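Data block for target17.cif (mmCIF, C-alpha atoms):
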```cif
data_data
loop_
_atom_site.label_atom_id
_atom_site.label_comp_id
_atom_site.auth_asym_id
_atom_site.auth_seq_id
_atom_site.Cartn_x
_atom_site.Cartn_y
_atom_site.Cartn_z
CA MET I 7 16.19 7.05 -19.61
CA ASN I 8 17.66 9.73 -17.31
CA ARG I 9 15.44 10.68 -14.38
CA PHE I 10 15.96 14.00 -12.54
CA PHE I 11 14.50 14.92 -9.15
CA ILE I 12 14.34 18.71 -8.89
CA THR I 13 14.13 20.22 -5.40
CA PRO I 14 15.60 23.20 -3.52
CA ASP I 15 17.32 21.20 -0.75
CA ILE I 16 19.34 17.96 -0.79
CA GLN I 17 17.76 16.63 2.42
CA THR I 18 14.36 16.38 0.69
CA ALA I 19 15.98 14.11 -1.92
CA ILE I 20 17.47 11.49 0.42
CA GLY I 21 14.29 9.42 0.30
CA ALA I 22 14.41 9.43 -3.51
CA LEU I 23 18.02 8.24 -3.46
CA SER I 24 17.14 5.47 -0.99
CA VAL I 25 14.69 3.87 -3.46
CA ASP I 26 16.35 4.91 -6.73
CA PRO I 27 20.15 5.30 -6.41
CA GLU I 28 20.39 6.13 -10.12
CA ILE I 29 18.11 9.17 -9.91
CA ILE I 30 19.90 12.44 -10.64
CA ILE I 31 19.36 15.22 -8.09
CA VAL I 32 19.20 18.84 -9.22
CA CYS I 33 18.97 21.30 -6.32
CA ILE I 34 19.71 24.88 -5.33
CA ASP I 35 21.28 24.92 -1.86
CA LYS I 36 24.93 24.07 -1.31
CA SER I 37 25.78 21.50 1.35
CA SER I 38 28.72 19.41 2.51
CA VAL I 39 26.27 16.50 2.36
CA ILE I 40 26.29 16.81 -1.44
CA THR I 41 30.08 16.54 -1.54
CA LYS I 42 30.01 13.33 0.51
CA LEU I 43 27.18 11.78 -1.50
CA LYS I 44 28.95 12.55 -4.78
CA GLU I 45 32.05 10.82 -3.42
CA GLN I 46 29.83 7.76 -2.90
CA GLY I 47 28.82 7.82 -6.56
CA TYR I 48 25.48 9.64 -6.48
CA LYS I 49 24.83 12.10 -9.29
CA ILE I 50 23.95 15.53 -7.86
CA PHE I 51 24.03 19.10 -9.17
CA SER I 52 23.77 22.02 -6.72
CA TYR I 53 23.51 25.41 -8.40
CA GLN I 54 25.04 27.29 -5.45
CA GLN I 55 27.80 24.74 -5.02
CA GLU I 56 28.74 24.65 -8.69
CA THR I 57 28.55 28.38 -9.41
CA GLY I 58 29.05 30.14 -6.10
CA ASN I 59 25.98 32.21 -6.94
CA THR I 60 22.78 32.62 -4.96
CA ILE I 61 19.27 32.52 -6.43
CA LEU I 62 15.80 32.43 -4.92
CA ARG I 63 14.75 28.98 -3.73
CA ASN I 64 12.52 28.39 -6.72
CA SER I 65 12.83 25.33 -8.97
CA LYS I 66 11.56 27.15 -12.06
CA LEU I 67 14.30 29.76 -11.61
CA LEU I 68 16.78 26.92 -11.12
CA LEU I 69 15.84 25.44 -14.49
CA MET I 70 16.27 28.83 -16.17
CA GLN I 71 19.97 28.98 -15.28
CA GLN I 72 22.48 28.20 -18.05
CA GLU I 73 24.59 26.08 -15.72
CA THR I 74 21.57 23.91 -14.90
CA LYS I 75 20.76 23.51 -18.57
CA HIS I 76 24.35 22.53 -19.33
CA PHE I 77 24.37 19.88 -16.58
CA ILE I 78 21.03 18.28 -17.42
CA ASN I 79 21.62 18.35 -21.19
CA SER I 80 25.01 16.68 -20.74
CA PHE I 81 23.02 13.45 -20.29
CA ASP I 82 22.10 11.87 -23.61
CA GLY I 83 18.75 10.28 -24.34
CA ALA I 84 15.20 10.75 -23.10
CA LYS I 85 14.65 12.61 -19.82
CA GLN I 86 12.11 12.52 -17.02
CA PHE I 87 11.61 15.35 -14.49
CA ILE I 88 10.00 14.77 -11.11
CA PHE I 89 9.52 17.84 -8.93
CA PHE I 90 9.23 18.15 -5.16
CA LYS I 91 6.46 20.68 -5.88
CA PRO I 92 4.60 20.80 -9.24
CA LEU I 93 5.51 23.76 -11.45
CA ILE I 94 3.88 25.65 -14.30
CA LEU I 95 6.58 25.51 -16.96
CA PRO I 96 6.40 27.40 -20.27
CA ASP I 97 7.00 25.46 -23.49
CA LYS I 98 10.04 27.64 -24.22
CA LEU I 99 11.76 26.43 -21.05
CA LEU I 100 10.75 22.80 -21.62
CA SER I 101 12.10 23.00 -25.16
CA ASP I 102 15.51 23.88 -23.71
CA TYR I 103 15.48 20.38 -22.22
CA SER I 104 14.00 18.64 -25.31
CA PHE I 105 10.55 18.36 -23.67
CA PRO I 106 11.16 15.86 -20.85
CA THR I 107 8.35 13.67 -19.48
CA ILE I 108 6.96 15.32 -16.31
CA LEU I 109 6.21 12.85 -13.51
CA ASN I 110 3.88 15.20 -11.61
CA ASN I 111 0.28 16.30 -11.95
CA ASP I 112 -0.57 19.41 -13.90
CA ALA I 113 0.43 22.33 -11.65
CA ILE I 114 -2.82 24.22 -12.31
CA LEU I 115 -4.86 21.23 -11.14
CA SER I 116 -2.68 20.86 -8.04
CA ALA I 117 -3.01 24.56 -7.22
CA GLN I 118 -6.81 24.34 -7.52
CA ILE I 119 -6.97 21.42 -5.08
CA GLU I 120 -4.48 22.92 -2.62
CA ASN I 121 -6.40 26.18 -2.42
CA LYS I 122 -7.68 26.31 1.18
CA LEU I 123 -11.03 27.61 -0.07
CA TYR I 124 -11.52 24.45 -2.14
CA VAL I 125 -11.65 22.03 0.82
CA LYS I 126 -15.44 22.43 1.17
CA ASN I 127 -15.86 20.53 -2.14
CA PHE I 128 -14.72 17.22 -0.64
CA ASP I 129 -17.87 16.40 1.39
CA VAL I 130 -15.95 15.89 4.64
CA LYS I 131 -16.27 17.57 8.03
CA THR I 132 -14.36 20.89 8.14
CA PRO I 133 -14.35 23.70 10.74
CA THR I 134 -17.49 25.83 10.35
CA GLU I 135 -16.99 28.86 8.14
CA ILE I 136 -17.96 32.16 9.79
CA THR I 137 -19.57 35.07 7.94
CA GLU I 138 -20.30 37.18 11.03
CA ILE I 139 -17.84 37.06 13.93
CA LYS I 140 -19.57 37.03 17.30
CA GLU I 141 -16.61 36.03 19.45
CA TYR I 142 -12.86 35.51 19.24
CA PRO I 143 -10.58 33.68 18.73
CA VAL I 144 -11.22 32.65 15.14
CA VAL I 145 -8.97 31.11 12.51
CA LEU I 146 -8.05 33.14 9.42
CA GLN I 147 -6.98 30.97 6.50
CA PHE I 148 -5.65 32.38 3.24
CA GLU I 149 -6.06 30.42 0.02
CA THR I 150 -2.36 29.64 -0.51
CA GLY I 151 0.54 28.95 1.79
CA TYR I 152 3.07 26.40 2.96
CA ALA I 153 4.11 24.86 6.32
CA GLY I 154 1.43 26.73 8.24
CA ASN I 155 2.36 30.22 7.03
CA SER I 156 -1.12 31.00 5.68
CA THR I 157 -3.20 30.08 8.74
CA PHE I 158 -3.52 32.32 11.80
CA VAL I 159 -5.33 32.20 15.11
CA VAL I 160 -6.79 35.71 15.51
CA HIS I 161 -7.79 37.10 18.92
CA ASP I 162 -9.28 40.49 18.06
CA GLU I 163 -10.66 42.62 15.24
CA LYS I 164 -7.60 44.81 14.96
CA ASP I 165 -5.28 41.84 14.29
CA LEU I 166 -7.78 40.39 11.83
CA HIS I 167 -7.84 43.55 9.71
CA THR I 168 -4.06 43.93 9.93
CA LEU I 169 -3.47 40.40 8.61
CA ILE I 170 -6.03 40.77 5.84
CA SER I 171 -4.54 44.08 4.67
CA LEU I 172 -0.97 42.78 4.79
CA LYS I 173 -1.63 39.50 2.95
CA LYS I 174 -4.00 40.96 0.33
CA ASP I 175 -5.20 37.51 -0.69
CA LYS I 176 -8.48 35.62 -0.72
CA TYR I 177 -9.34 34.10 2.64
CA LYS I 178 -11.91 32.43 4.82
CA ILE I 179 -12.64 32.72 8.53
CA VAL I 180 -13.54 29.55 10.40
CA GLU I 181 -14.34 28.59 13.96
CA TYR I 182 -11.42 28.07 16.29
CA VAL I 183 -11.27 24.42 17.31
CA GLU I 184 -9.73 23.70 20.70
CA ASN I 185 -7.66 20.83 19.44
CA TYR I 186 -6.18 17.75 20.98
CA GLY I 187 -3.71 17.50 18.12
CA THR I 188 -3.05 17.93 14.43
CA TYR I 189 -2.57 14.78 12.39
CA THR I 190 -1.43 14.09 8.85
CA ASN I 191 -1.44 11.14 6.53
CA ASN I 192 0.14 10.58 3.14
CA CYS I 193 -2.00 9.02 0.45
CA PHE I 194 -1.77 7.94 -3.17
CA CYS I 195 -4.29 7.28 -5.89
CA ASP I 196 -4.37 5.94 -9.40
CA GLU I 197 -7.49 5.32 -11.47
CA LYS I 198 -8.21 2.10 -9.55
CA LYS I 199 -7.42 2.57 -5.87
CA VAL I 200 -6.72 4.98 -3.02
CA PHE I 201 -3.74 3.99 -0.84
CA ILE I 202 -3.79 5.39 2.69
CA SER I 203 -0.92 5.55 5.18
CA GLN I 204 -1.37 5.41 8.92
CA PRO I 205 -1.97 8.88 10.43
CA PHE I 206 0.92 10.55 12.18
CA PHE I 207 1.03 13.42 14.64
CA GLN I 208 2.11 16.82 13.31
CA TYR I 209 4.17 18.99 15.61
CA THR I 210 3.03 22.60 15.34
CA GLY I 211 3.92 25.93 16.93
CA ILE I 212 6.68 24.67 19.25
CA LYS I 213 8.30 27.66 20.93
CA GLY I 214 11.98 27.80 20.11
CA LEU I 215 11.54 25.85 16.86
CA THR I 216 9.19 28.28 15.09
CA ARG I 217 7.62 31.66 15.86
CA THR I 218 4.26 30.92 14.23
CA LYS I 219 1.58 29.30 16.38
CA LEU I 220 0.42 26.97 13.59
CA GLY I 221 3.82 26.53 11.93
CA SER I 222 4.76 22.92 11.19
CA CYS I 223 7.71 21.56 13.18
CA GLY I 224 7.77 17.91 12.12
CA ASN I 225 6.01 14.58 12.61
CA ASN I 226 5.67 11.74 15.11
CA PHE I 227 4.77 8.30 13.74
CA TYR I 228 4.35 6.87 17.26
CA THR I 229 0.66 7.77 17.31
CA ASP I 230 -1.80 6.85 20.08
CA LEU I 231 -5.08 7.50 18.28
CA SER I 232 -8.13 5.37 19.00
CA ASP I 233 -9.26 2.84 16.41
CA ASP I 234 -12.46 4.86 15.88
CA ILE I 235 -10.53 8.00 14.91
CA LYS I 236 -8.17 6.00 12.70
CA ASP I 237 -11.19 4.50 10.94
CA GLU I 238 -12.71 7.97 10.48
CA ILE I 239 -9.45 9.22 8.98
CA LYS I 240 -9.53 6.30 6.52
CA VAL I 241 -13.12 7.10 5.52
CA TYR I 242 -12.31 10.79 4.89
CA SER I 243 -9.08 9.90 3.08
CA LYS I 244 -10.90 7.47 0.77
CA LYS I 245 -13.58 10.09 0.03
CA ILE I 246 -10.96 12.68 -0.82
CA GLY I 247 -8.97 10.25 -2.95
CA GLU I 248 -12.04 9.20 -4.91
CA HIS I 249 -12.90 12.85 -5.55
CA LEU I 250 -9.35 13.47 -6.81
CA ILE I 251 -9.62 10.50 -9.17
CA LYS I 252 -12.85 11.90 -10.62
CA ILE I 253 -11.23 15.26 -11.44
CA GLY I 254 -8.20 13.66 -13.07
CA TYR I 255 -5.64 13.71 -10.26
CA LYS I 256 -3.28 10.81 -9.70
CA GLY I 257 -0.25 10.32 -7.50
CA ALA I 258 0.81 11.30 -4.00
CA PHE I 259 -1.10 13.69 -1.75
CA GLY I 260 -1.36 14.54 1.94
CA ILE I 261 -4.25 15.42 4.23
CA ASP I 262 -4.14 17.44 7.47
CA PHE I 263 -6.67 16.77 10.24
CA VAL I 264 -7.47 18.43 13.56
CA LEU I 265 -8.85 16.38 16.43
CA SER I 266 -10.86 18.52 18.84
CA GLN I 267 -10.96 18.27 22.62
CA LYS I 268 -14.47 16.82 22.11
CA ASN I 269 -12.97 14.04 19.94
CA GLU I 270 -14.38 15.46 16.69
CA LEU I 271 -12.26 15.06 13.59
CA PHE I 272 -11.99 17.89 11.03
CA VAL I 273 -10.21 18.02 7.67
CA ILE I 274 -8.31 21.30 7.42
CA GLU I 275 -6.07 20.97 4.37
CA ILE I 276 -5.38 18.89 1.24
CA ASN I 277 -1.83 18.91 -0.17
CA PRO I 278 -1.91 17.50 -3.74
CA ARG I 279 1.83 16.91 -4.01
CA PHE I 280 4.71 15.40 -2.09
CA THR I 281 4.44 16.62 1.49
CA ALA I 282 7.35 18.04 3.48
CA SER I 283 7.76 14.67 5.20
CA ILE I 284 8.22 12.74 1.93
CA SER I 285 11.96 12.03 2.29
CA PHE I 286 11.60 10.51 5.77
CA PHE I 287 8.31 8.86 4.87
CA THR I 288 9.81 7.20 1.78
CA GLN I 289 12.68 5.75 3.82
CA LEU I 290 10.25 4.44 6.45
CA GLU I 291 8.10 2.84 3.72
CA LYS I 292 11.16 1.13 2.27
CA SER I 293 12.07 -0.31 5.68
CA THR I 294 8.67 -2.06 5.86
CA GLY I 295 8.98 -3.61 2.40
CA ASN I 296 6.28 -1.44 0.82
CA GLN I 297 6.65 0.04 -2.64
CA SER I 298 6.87 3.70 -1.65
CA PHE I 299 4.48 6.35 -2.89
CA PHE I 300 7.50 8.04 -4.51
CA GLU I 301 8.16 4.88 -6.55
CA LYS I 302 4.46 4.55 -7.42
CA GLN I 303 4.47 8.17 -8.63
CA ILE I 304 7.33 7.43 -11.02
CA LYS I 305 5.66 4.29 -12.32
CA ILE I 306 2.15 5.63 -13.01
CA PHE I 307 3.47 8.71 -14.81
CA SER I 308 5.81 6.45 -16.80
CA GLY I 309 2.90 4.20 -17.82
CA GLN I 310 4.05 1.24 -15.69
CA GLU I 311 2.19 -1.08 -13.32
CA ILE I 312 2.38 -0.45 -9.58
CA GLU I 313 2.21 -2.83 -6.63
CA TYR I 314 -1.24 -2.92 -5.02
CA GLU I 315 -0.26 -4.56 -1.73
CA TYR I 316 0.29 -1.84 0.86
CA GLU I 317 0.32 -1.90 4.66
CA SER I 318 1.44 1.14 6.63
CA LYS I 319 3.33 0.38 9.87
CA LEU I 320 5.79 3.23 10.30
CA LYS I 321 7.78 4.28 13.36
CA GLY I 322 9.97 7.34 13.78
CA LYS I 323 10.10 11.05 14.57
CA ARG I 324 11.05 14.13 12.57
CA LEU I 325 11.61 17.61 14.02
CA LEU I 326 12.53 20.89 12.33
CA LEU I 327 14.44 23.78 13.82
CA ARG I 328 13.48 26.93 11.92
CA ASN I 329 14.88 30.43 12.00
CA ASP I 330 12.28 31.88 14.39
CA SER I 331 13.60 35.44 14.23
CA PHE I 332 12.31 38.20 11.95
CA GLY I 333 15.63 38.59 10.13
CA ASP I 334 18.21 36.41 8.40
CA GLU I 335 20.48 34.23 10.51
CA ILE I 336 23.98 33.13 9.50
CA ILE I 337 25.11 29.65 10.56
CA LYS I 338 28.28 30.11 12.61
CA GLY I 339 28.89 26.78 14.32
CA ASP I 340 31.08 23.96 13.04
CA TYR I 341 28.52 21.18 13.43
CA LYS I 342 28.23 18.93 10.39
CA SER I 343 25.38 16.79 9.13
CA GLY I 344 25.39 13.15 10.14
CA ILE I 345 24.46 10.75 12.91
CA TYR I 346 24.58 11.85 16.54
CA LYS I 347 23.72 10.66 20.03
CA ILE I 348 22.23 12.95 22.67
CA GLU I 349 23.91 13.38 26.05
CA ASP I 350 22.67 15.99 28.55
CA GLU I 351 20.79 17.76 25.71
CA ASN I 352 23.95 18.02 23.61
CA PHE I 353 24.47 16.31 20.28
CA ILE I 354 27.56 14.08 20.19
CA PHE I 355 28.80 13.32 16.68
CA GLN I 356 29.09 9.64 15.72
CA ARG I 357 29.66 9.42 11.95
CA GLU I 358 28.84 10.92 8.54
CA GLU I 359 25.84 8.94 7.27
CA PHE I 360 22.71 10.47 5.73
CA PHE I 361 20.13 7.67 5.41
CA VAL I 362 17.87 6.71 8.31
CA SER I 363 18.57 3.04 7.59
CA GLU I 364 22.03 3.68 9.09
CA LEU I 365 20.60 4.73 12.47
CA LYS I 366 21.32 2.52 15.46
CA GLU I 367 19.71 2.48 18.90
CA ASN I 368 19.20 5.91 20.49
CA GLU I 369 20.73 7.76 17.55
CA VAL I 370 19.45 10.73 15.57
CA LEU I 371 20.26 11.96 12.08
CA LEU I 372 20.81 15.70 11.72
CA PHE I 373 20.87 17.75 8.51
CA ILE I 374 22.48 21.05 9.50
CA LYS I 375 23.01 24.01 7.20
CA ASP I 376 26.71 24.56 6.54
CA LYS I 377 28.73 27.24 8.28
CA GLY I 378 28.14 30.59 6.56
CA PHE I 379 24.73 29.60 5.17
CA VAL I 380 22.21 32.47 5.31
CA VAL I 381 18.89 31.21 6.68
CA THR I 382 15.85 33.38 5.98
CA PRO I 383 12.99 33.67 8.53
CA GLU I 384 10.99 30.46 9.09
CA THR I 385 13.36 28.46 6.88
CA ASP I 386 14.87 25.23 8.23
CA MET I 387 18.21 25.41 10.01
CA VAL I 388 18.24 21.80 11.17
CA ASN I 389 16.22 18.70 10.30
CA LEU I 390 16.26 15.88 12.86
CA TYR I 391 15.23 12.28 12.18
CA THR I 392 15.14 9.29 14.51
CA LEU I 393 13.64 5.81 14.43
CA GLU I 394 13.46 5.77 18.25
CA ASN I 395 10.67 6.98 20.50
CA ILE I 396 12.95 9.51 22.22
CA PRO I 397 10.90 11.87 24.44
CA GLU I 398 9.94 15.15 22.73
CA ASP I 399 11.32 17.33 25.52
CA ILE I 400 14.80 15.85 25.06
CA LEU I 401 14.71 16.34 21.28
CA ILE I 402 13.27 19.87 21.48
CA ASN I 403 15.58 21.11 24.24
CA SER I 404 18.58 19.63 22.43
CA LEU I 405 17.63 21.41 19.21
CA ILE I 406 17.14 24.72 21.02
CA ASN I 407 20.52 24.23 22.68
CA LEU I 408 22.06 23.52 19.28
CA LYS I 409 20.55 26.72 17.88
CA ARG I 410 22.46 28.74 20.49
CA GLN I 411 25.69 27.13 19.30
CA ILE I 412 25.22 27.63 15.55
CA THR I 413 23.77 31.16 15.37
#
```
Can the structure from this file be put into structure tokens for me?
Amino acid sequence: MNRFFITPDIQTAIGALSVDPEIIIVCIDKSSVITKLKEQGYKIFSYQQETGNTILRNSKLLLMQQETKHFINSFDGAKQFIFFKPLILPDKLLSDYSFPTILNNDAILSAQIENKLYVKNFDVKTPTEITEIKEYPVVLQFETGYAGNSTFVVHDEKDLHTLISLKKDKYKIVEYVENYGTYTNNCFCDEKKVFISQPFFQYTGIKGLTRTKLGSCGNNFYTDLSDDIKDEIKVYSKKIGEHLIKIGYKGAFGIDFVLSQKNELFVIEINPRFTASISFFTQLEKSTGNQSFFEKQIKIFSGQEIEYEYESKLKGKRLLLRNDSFGDEIIKGDYKSGIYKIEDENFIFQREEFFVSELKENEVLLFIKDKGFVVTPETDMVNLYTLENIPEDILINSLINLKRQIT
């Protein structure tokens, strides 16, 4: 059985490689990381790297390319495809790959659940929907989006109408919650049980890392939530998981919560898929001895038994540096991906390693786009991972300093 993980970017696949070294990675973006990993024996195909051509960062389009078909079909025997994000794939395209087993939920079901207008069906506390605006600010939330790009804090009527006319999508308007923080957890369900990770803080709207106020900038697993809030998150997560089971969903999913200044907890989003943190999360799960949600996903869609013991005790931080301009940026610096230390808000290279298990005390792992890479607006330039509780201001200022050196 040949198993292929299909994703735009190699850094999202590192977690998969950490738990399944035999998995075959099929991605779009080129990266020097791929060259090094292939030298270590990992099987990886990068469309840009192999062809020198550029395509949109879309996995369906990736599978339509002749070079991709040639690579995947060079492996004999039955095939399994697992996608970073579920796709609607026509039978004609699947037939080109001899109808592989898909290890994801039906993409139409996932899209229905992820629709921001669907959250009200989960019988959990959500921000109050507004039909008549009496005061601003309010929150405008479109039905589809990713990494915070479909949710906006709106301060006046003019901006509201501008956003609605530009997006031309279904939306809802909800009360603005003065929040203490945004939190996320990753979950998993099969027909028997809902597995729930500890909640972790979600960095959003950090100036210098993103230009959108609600844009996601990473995660902090060193949470300081009260036991009462953690228990409430578990209750909501179990409710949501049980609802998903009833409608035929199984596998990994994520939930976003907002905690108000008044200590009220609201569910704001359900992500019925692998979340953006899955690579880091999978590596953290492995370090605690848990069978990761990624491994469970493979097993239940392959008809195998999963482990039911699960205890979430994860520590680490992840930060993203995005292109926060309104135009493309070209990476110009000579920094390479690998493990670094921070001195006076500068990154000092230590060695070329790409798994968080290789991190030592006070080290960070950086995935940096290669020199010459064209980064579109709000796309990642740098991903930072650390197992240490390094202060946020040091990490953020160092990333902003790095941005000046590579753009």
d(atom CA of Gln46 of chain I, atom CA of Phe361 of chain I) in Å: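 Distance between the two atoms: 12.8 Å.
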I need the output of the PyMOL selection byres ((chain I and resi 87-94) around 9) for this file as a short mmCIF file (atom, residue, chain, number, x, y, z; two decimals) with C-alpha atoms, in the coordinates of the input; which residues are they?
```
data_model
loop_
_atom_site.label_atom_id
_atom_site.label_comp_id
_atom_site.auth_asym_id
_atom_site.auth_seq_id
_atom_site.Cartn_x
_atom_site.Cartn_y
_atom_site.Cartn_z
CA ASN I 8 17.66 9.73 -17.31
CA ARG I 9 15.44 10.68 -14.38
CA PHE I 10 15.96 14.00 -12.54
CA PHE I 11 14.50 14.92 -9.15
CA ILE I 12 14.34 18.71 -8.89
CA THR I 13 14.13 20.22 -5.40
CA PRO I 14 15.60 23.20 -3.52
CA THR I 18 14.36 16.38 0.69
CA ALA I 19 15.98 14.11 -1.92
CA SER I 65 12.83 25.33 -8.97
CA LYS I 66 11.56 27.15 -12.06
CA LYS I 85 14.65 12.61 -19.82
CA GLN I 86 12.11 12.52 -17.02
CA LEU I 95 6.58 25.51 -16.96
CA PRO I 96 6.40 27.40 -20.27
CA PRO I 106 11.16 15.86 -20.85
CA THR I 107 8.35 13.67 -19.48
CA ILE I 108 6.96 15.32 -16.31
CA LEU I 109 6.21 12.85 -13.51
CA ASN I 110 3.88 15.20 -11.61
CA ASN I 111 0.28 16.30 -11.95
CA ASP I 112 -0.57 19.41 -13.90
CA ALA I 113 0.43 22.33 -11.65
CA ILE I 114 -2.82 24.22 -12.31
CA SER I 116 -2.68 20.86 -8.04
CA ALA I 117 -3.01 24.56 -7.22
CA ARG I 279 1.83 16.91 -4.01
CA PHE I 280 4.71 15.40 -2.09
CA THR I 281 4.44 16.62 1.49
CA ALA I 282 7.35 18.04 3.48
CA ILE I 284 8.22 12.74 1.93
CA GLN I 303 4.47 8.17 -8.63
CA ILE I 304 7.33 7.43 -11.02
#
```
Report as an MDAnalysis selection string the full result of the PyMOL selection byres ((chain I and resi 275) around 12) when it is applied to this structure. chainID I and resid 119:128 130:133 147:154 156:157 188:191 242:243 246 259:264 272:274 276:278 281
Name all residues at most 10 Å from Asn79 of chain I (count only C-alpha atoms; drop same-chain ones fewer than 5 positions away) and give them as a PDB file with C-alpha atoms, keeping the file's coordinate frame.
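Output (result.pdb):
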```pdb
ATOM      1  CA  GLU I  73      24.590  26.080 -15.720  1.00  0.00           C
ATOM      2  CA  THR I  74      21.570  23.910 -14.900  1.00  0.00           C
ATOM      3  CA  LYS I  85      14.650  12.610 -19.820  1.00  0.00           C
ATOM      4  CA  ASP I 102      15.510  23.880 -23.710  1.00  0.00           C
ATOM      5  CA  TYR I 103      15.480  20.380 -22.220  1.00  0.00           C
ATOM      6  CA  SER I 104      14.000  18.640 -25.310  1.00  0.00           C
TER       7      SER I 104
END
```
Any idea what's packed within 12 Å of Gly221 of chain I, counting only C-alpha atoms, ignoring anything in its chain fewer than 4 positions away? Could you give it as a list in words?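 Selected residues are Gly151, Tyr152, Ala153, Gly154, Asn155, Ser156, Thr157, Phe158, Val159, Thr188, Gln208, Tyr209, Thr210, Gly211, Ile212, Lys213, Gly214, Leu215, Thr216, Arg217, Leu326, Leu327, Arg328, Asn329, Asp330, Glu384, Thr385 and Asp386 of chain I.
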Of the candidates I:Asp233, I:Asp97, I:Glu197, I:Glu181, which one gets nearest to Glu248 of chain I if we count all atoms listed in the file? I:Glu197
Report as a PyMOL selection string the full result of the PyMOL selection byres ((chain I and resi 409) around 10) when it is applied to this structure. chain I and resi 214-215+327-329+337-339+387-388+403-408+410-413
Just the selected residues (C-alpha atoms), exported as an mmCIF file, keeping the file's coordinate frame, please.
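Dumped everything to again-v9.cif:
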```cif
data_model
loop_
_atom_site.group_PDB
_atom_site.id
_atom_site.type_symbol
_atom_site.label_atom_id
_atom_site.label_comp_id
_atom_site.auth_asym_id
_atom_site.auth_seq_id
_atom_site.Cartn_x
_atom_site.Cartn_y
_atom_site.Cartn_z
ATOM 1 C CA GLY I 214 11.980 27.800 20.110
ATOM 2 C CA LEU I 215 11.540 25.850 16.860
ATOM 3 C CA LEU I 327 14.440 23.780 13.820
ATOM 4 C CA ARG I 328 13.480 26.930 11.920
ATOM 5 C CA ASN I 329 14.880 30.430 12.000
ATOM 6 C CA ILE I 337 25.110 29.650 10.560
ATOM 7 C CA LYS I 338 28.280 30.110 12.610
ATOM 8 C CA GLY I 339 28.890 26.780 14.320
ATOM 9 C CA MET I 387 18.210 25.410 10.010
ATOM 10 C CA VAL I 388 18.240 21.800 11.170
ATOM 11 C CA ASN I 403 15.580 21.110 24.240
ATOM 12 C CA SER I 404 18.580 19.630 22.430
ATOM 13 C CA LEU I 405 17.630 21.410 19.210
ATOM 14 C CA ILE I 406 17.140 24.720 21.020
ATOM 15 C CA ASN I 407 20.520 24.230 22.680
ATOM 16 C CA LEU I 408 22.060 23.520 19.280
ATOM 17 C CA ARG I 410 22.460 28.740 20.490
ATOM 18 C CA GLN I 411 25.690 27.130 19.300
ATOM 19 C CA ILE I 412 25.220 27.630 15.550
ATOM 20 C CA THR I 413 23.770 31.160 15.370
#
```
The residue from I:Leu146, I:Ile251, I:Val380, I:Val180 with the smallest atom-to-atom distance to Leu166 of chain I, counting only C-alpha atoms, is I:Leu146
Which residue of I:Leu169, I:Ile34, I:Leu325, I:Leu115 approaches Leu250 of chain I most closely, using all atoms listed in the file: I:Leu115
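Shortest atom-to-atom contact with Ser293 of chain I among I:Ile253, I:Val370, I:Leu393, I:Ile61: I:Leu393, counting only C-alpha atoms.
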How far is it from atom CA of Leu372 of chain I to atom CA of Phe286 of chain I, in Å with one decimal?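 We find that atom CA of Leu372 of chain I and atom CA of Phe286 of chain I lie 12.1 Å from each other.
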Please define a box with edges along x, y and z of the file around all atoms of segment 130-137 of chain I given in the file, extend it by 4 Å on each side, and return its centre and edge lengths in Å to one decimal, as AutoDock Vina command-line options.
```
--center_x -17.0 --center_y 25.5 --center_z 7.7 --size_x 13.2 --size_y 27.2 --size_z 14.1
```
Looking at all atoms listed in the file, which of I:Val160, I:Ile374, I:Ile202, I:Ile402 is the one that sits closest to Ser37 of chain I?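 Smallest separation from Ser37 of chain I among the options: I:Ile374.
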Spatial neighbours of Phe201 of chain I, 9 Å, all atoms listed in the file, chain gap at least 6 places, as a list in words: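 Here the qualifying residues turn out to be Asn192, Cys193, Phe194, Cys195, Ser243, Lys244, Gly247, Phe299, Tyr314 and Tyr316 of chain I.
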Write out, as an mmCIF file, in the coordinates of the input, the residues just selected, with C-alpha atoms.
```cif
data_model
loop_
_atom_site.group_PDB
_atom_site.id
_atom_site.type_symbol
_atom_site.label_atom_id
_atom_site.label_comp_id
_atom_site.auth_asym_id
_atom_site.auth_seq_id
_atom_site.Cartn_x
_atom_site.Cartn_y
_atom_site.Cartn_z
ATOM 1 C CA ASN I 192 0.140 10.580 3.140
ATOM 2 C CA CYS I 193 -2.000 9.020 0.450
ATOM 3 C CA PHE I 194 -1.770 7.940 -3.170
ATOM 4 C CA CYS I 195 -4.290 7.280 -5.890
ATOM 5 C CA SER I 243 -9.080 9.900 3.080
ATOM 6 C CA LYS I 244 -10.900 7.470 0.770
ATOM 7 C CA GLY I 247 -8.970 10.250 -2.950
ATOM 8 C CA PHE I 299 4.480 6.350 -2.890
ATOM 9 C CA TYR I 314 -1.240 -2.920 -5.020
ATOM 10 C CA TYR I 316 0.290 -1.840 0.860
#
```
Find the residues around Lys36 of chain I up to 10 Å (all atoms listed in the file counted), leave out those fewer than 4 positions away in its own chain, and share them as a compact mmCIF listing (two decimals) with C-alpha atoms, in the frame of the given file.
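Output saved as result.txt:
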```
# COMPACT_ATOMS: atom_id res chain seq x y z
CA PRO I 14 15.60 23.20 -3.52
CA ASP I 15 17.32 21.20 -0.75
CA ILE I 16 19.34 17.96 -0.79
CA ILE I 40 26.29 16.81 -1.44
CA THR I 41 30.08 16.54 -1.54
CA PHE I 51 24.03 19.10 -9.17
CA SER I 52 23.77 22.02 -6.72
CA TYR I 53 23.51 25.41 -8.40
CA GLN I 54 25.04 27.29 -5.45
CA GLN I 55 27.80 24.74 -5.02
CA GLU I 56 28.74 24.65 -8.69
CA THR I 57 28.55 28.38 -9.41
CA GLY I 58 29.05 30.14 -6.10
CA ASN I 59 25.98 32.21 -6.94
CA THR I 60 22.78 32.62 -4.96
CA LYS I 375 23.01 24.01 7.20
CA ASP I 376 26.71 24.56 6.54
CA PHE I 379 24.73 29.60 5.17
```
